[in-house]
file entry16.pdb (PDB, C-alpha atoms, pLDDT in the B column)
MODEL        1
ATOM      1  CA  MET A 125       3.649 -21.298  13.590  1.00 53.00           C
ATOM      2  CA  GLU A 126       6.466 -19.493  11.779  1.00 51.00           C
ATOM      3  CA  SER A 127       8.101 -20.818   8.626  1.00 56.00           C
ATOM      4  CA  ILE A 128      10.664 -19.617   6.080  1.00 55.00           C
ATOM      5  CA  ASP A 129      10.073 -19.923   2.324  1.00 57.00           C
ATOM      6  CA  THR A 130      12.629 -20.572  -0.430  1.00 54.00           C
ATOM      7  CA  ARG A 131      13.506 -16.860  -0.754  1.00 59.00           C
ATOM      8  CA  GLY A 132      14.333 -16.570   2.936  1.00 60.00           C
ATOM      9  CA  SER A 133      11.351 -14.466   4.050  1.00 65.00           C
ATOM     10  CA  SER A 134       9.449 -15.558   7.116  1.00 72.00           C
ATOM     11  CA  HIS A 135       5.712 -16.185   7.331  1.00 68.00           C
ATOM     12  CA  ILE A 136       3.289 -16.806  10.165  1.00 75.00           C
ATOM     13  CA  LEU A 137       0.480 -19.331   9.785  1.00 73.00           C
ATOM     14  CA  CYS A 138      -2.797 -18.311  11.429  1.00 76.00           C
ATOM     15  CA  SER A 139      -3.578 -20.425  14.480  1.00 71.00           C
ATOM     16  CA  PHE A 140      -7.386 -20.183  14.347  1.00 72.00           C
ATOM     17  CA  LYS A 141      -9.224 -23.413  13.486  1.00 70.00           C
ATOM     18  CA  ASP A 142     -10.055 -23.416   9.718  1.00 76.00           C
ATOM     19  CA  CYS A 143      -8.405 -20.084   8.909  1.00 79.00           C
ATOM     20  CA  ASN A 144      -5.373 -21.324   6.895  1.00 73.00           C
ATOM     21  CA  ARG A 145      -4.166 -17.771   6.201  1.00 77.00           C
ATOM     22  CA  ILE A 146      -0.495 -16.896   5.961  1.00 72.00           C
ATOM     23  CA  PHE A 147       0.889 -13.506   7.006  1.00 73.00           C
ATOM     24  CA  LYS A 148       4.295 -12.077   6.131  1.00 70.00           C
ATOM     25  CA  THR A 149       6.474 -10.718   8.903  1.00 70.00           C
ATOM     26  CA  GLU A 150       8.743  -8.757   6.534  1.00 70.00           C
ATOM     27  CA  TYR A 151       7.813  -7.087   3.267  1.00 68.00           C
ATOM     28  CA  VAL A 152      10.048  -6.694   0.218  1.00 70.00           C
ATOM     29  CA  TYR A 153       8.158  -3.718  -1.173  1.00 71.00           C
ATOM     30  CA  ARG A 154       7.474  -0.932   1.309  1.00 74.00           C
ATOM     31  CA  ALA A 155       3.992  -0.048  -0.023  1.00 75.00           C
ATOM     32  CA  TYR A 156       2.668  -3.389   1.265  1.00 75.00           C
ATOM     33  CA  GLU A 157       3.579  -2.558   4.849  1.00 75.00           C
ATOM     34  CA  PRO A 158       0.657  -1.577   7.069  1.00 80.00           C
ATOM     35  CA  GLY A 159       0.182   2.159   7.473  1.00 85.00           C
ATOM     36  CA  VAL A 160       2.308   3.348   4.537  1.00 88.00           C
ATOM     37  CA  LYS A 161      -0.625   4.212   2.279  1.00 89.00           C
ATOM     38  CA  GLU A 162      -2.383   6.061   5.091  1.00 89.00           C
ATOM     39  CA  GLN A 163       0.841   7.960   5.664  1.00 92.00           C
ATOM     40  CA  ALA A 164       0.891   8.953   1.972  1.00 92.00           C
ATOM     41  CA  VAL A 165      -2.648  10.337   2.255  1.00 91.00           C
ATOM     42  CA  ASP A 166      -1.731  12.249   5.417  1.00 92.00           C
ATOM     43  CA  MET A 167       1.276  13.783   3.682  1.00 92.00           C
ATOM     44  CA  ALA A 168      -0.891  14.871   0.739  1.00 90.00           C
ATOM     45  CA  VAL A 169      -3.414  16.487   3.074  1.00 89.00           C
ATOM     46  CA  ASN A 170      -0.558  18.400   4.701  1.00 92.00           C
ATOM     47  CA  GLY A 171       0.694  19.742   1.383  1.00 91.00           C
ATOM     48  CA  SER A 172       3.460  17.364   0.295  1.00 92.00           C
ATOM     49  CA  GLY A 173       3.741  16.656  -3.411  1.00 93.00           C
ATOM     50  CA  VAL A 174       3.508  13.247  -5.041  1.00 94.00           C
ATOM     51  CA  ARG A 175       7.213  12.949  -5.869  1.00 95.00           C
ATOM     52  CA  ASP A 176       8.192  14.211  -2.430  1.00 95.00           C
ATOM     53  CA  THR A 177       5.900  11.691  -0.728  1.00 94.00           C
ATOM     54  CA  ALA A 178       7.195   8.833  -2.887  1.00 93.00           C
ATOM     55  CA  ARG A 179      10.813   9.684  -2.125  1.00 93.00           C
ATOM     56  CA  ILE A 180      10.304  10.029   1.636  1.00 92.00           C
ATOM     57  CA  LEU A 181       8.235   6.856   2.025  1.00 92.00           C
ATOM     58  CA  GLY A 182      10.340   4.798  -0.387  1.00 90.00           C
ATOM     59  CA  ILE A 183       7.453   3.844  -2.686  1.00 91.00           C
ATOM     60  CA  GLY A 184       6.672   4.568  -6.327  1.00 91.00           C
ATOM     61  CA  LYS A 185       5.044   7.799  -7.422  1.00 93.00           C
ATOM     62  CA  ASN A 186       2.391   5.849  -9.338  1.00 94.00           C
ATOM     63  CA  THR A 187       1.551   4.036  -6.104  1.00 92.00           C
ATOM     64  CA  VAL A 188       1.109   7.382  -4.369  1.00 92.00           C
ATOM     65  CA  ILE A 189      -1.155   8.636  -7.169  1.00 93.00           C
ATOM     66  CA  SER A 190      -3.332   5.499  -7.186  1.00 92.00           C
ATOM     67  CA  THR A 191      -3.564   5.574  -3.383  1.00 90.00           C
ATOM     68  CA  LEU A 192      -4.742   9.179  -3.448  1.00 90.00           C
ATOM     69  CA  LYS A 193      -7.305   8.404  -6.145  1.00 90.00           C
ATOM     70  CA  LYS A 194      -8.722   5.527  -4.085  1.00 89.00           C
ATOM     71  CA  SER A 195      -8.807   7.383  -0.777  1.00 86.00           C
ATOM     72  CA  PRO A 196     -11.861   9.354   0.304  1.00 82.00           C
ATOM     73  CA  ALA A 197     -11.474  13.123   0.114  1.00 72.00           C
ATOM     74  CA  ARG A 198     -10.741  13.904   3.766  1.00 65.00           C
ATOM     75  CA  TRP A 199      -9.927  17.523   3.156  1.00 57.00           C
ATOM     76  CA  LEU A 200     -13.417  18.437   1.929  1.00 55.00           C
ATOM     77  CA  PRO A 201     -15.941  19.765   4.503  1.00 53.00           C
TER      78      PRO A 201
ENDMDL
END

call {"tool": "encode", "arguments": {"input": "entry16.pdb", "output": "structure tokens"}}
result
Amino acid sequence: MESIDTRGSSHILCSFKDCNRIFKTEYVYRAYEPGVKEQAVDMAVNGSGVRDTARILGIGKNTVISTLKKSPARWLP
């Protein structure tokens, strides 16, 4: 079931029996979108800087830094 809140953004209500979770279909801030933080980690592994990654993805540089700190070190053997 889809509904629209007072700010005009749409939500989808989960249809499973006792779930009662609500999911957004559109995000205001780009860092909340699925896959953006993984993309930031991939860019860092490939040599992009923090400011460069933030500018390209449209998210804050502090978000990029905190995402990299929380991610496992994939570039280590």

call {"tool": "closest_residue", "arguments": {"input": "entry16.pdb", "among": "A:Asn170, A:Ala155, A:Arg175, A:Lys148", "to": "A:Thr191", "atoms": "all atoms listed in the file"}}
result
A:Ala155

call {"tool": "closest_residue", "arguments": {"input": "entry16.pdb", "among": "A:Ala197, A:Gly182, A:Leu192, A:Ile136", "to": "A:Tyr156", "atoms": "only C-alpha atoms"}}
result
A:Gly182

call {"tool": "atom_distance", "arguments": {"input": "entry16.pdb", "atom1": "atom CA of A:Val188", "atom2": "atom CA of A:Lys161"}}
result
7.6 Å

call {"tool": "atom_distance", "arguments": {"input": "entry16.pdb", "atom1": "atom CA of A:Thr187", "atom2": "atom CA of A:Phe147"}}
result
21.9 Å

call {"tool": "residues_around", "arguments": {"input": "entry16.pdb", "residues": "A:Ile189", "least_positions_apart": "3", "cutoff": "10 Å", "atoms": "all atoms listed in the file", "output": "PyMOL selection string"}}
result
chain A and resi 164-165+174-175+178+184-186+192-194

call {"tool": "atom_distance", "arguments": {"input": "entry16.pdb", "atom1": "atom CA of A:Tyr153", "atom2": "atom CA of A:Ser139"}}
result
25.7 Å

call {"tool": "residues_around", "arguments": {"input": "entry16.pdb", "residues": "A:Leu181", "least_positions_apart": "4", "cutoff": "8 Å", "atoms": "only C-alpha atoms", "output": "VMD selection string"}}
result
chain A and resid 154 160 164 177

call {"tool": "write_last_selection", "arguments": {"input": "entry16.pdb", "atoms": "C-alpha atoms", "output": "tab-separated table (two decimals), in the frame of the given file"}}
result
chain	number	residue	atom	x	y	z
A	154	ARG	CA	7.47	-0.93	1.31
A	160	VAL	CA	2.31	3.35	4.54
A	164	ALA	CA	0.89	8.95	1.97
A	177	THR	CA	5.90	11.69	-0.73

call {"tool": "residues_around", "arguments": {"input": "entry16.pdb", "residues": "A:Cys138", "least_positions_apart": "5", "cutoff": "9 Å", "atoms": "all atoms listed in the file", "output": "PyMOL selection string"}}
result
chain A and resi 125+143-147

call {"tool": "closest_residue", "arguments": {"input": "entry16.pdb", "among": "A:Leu137, A:Pro196, A:Glu157, A:Asp142", "to": "A:Val169", "atoms": "all atoms listed in the file"}}
result
A:Pro196
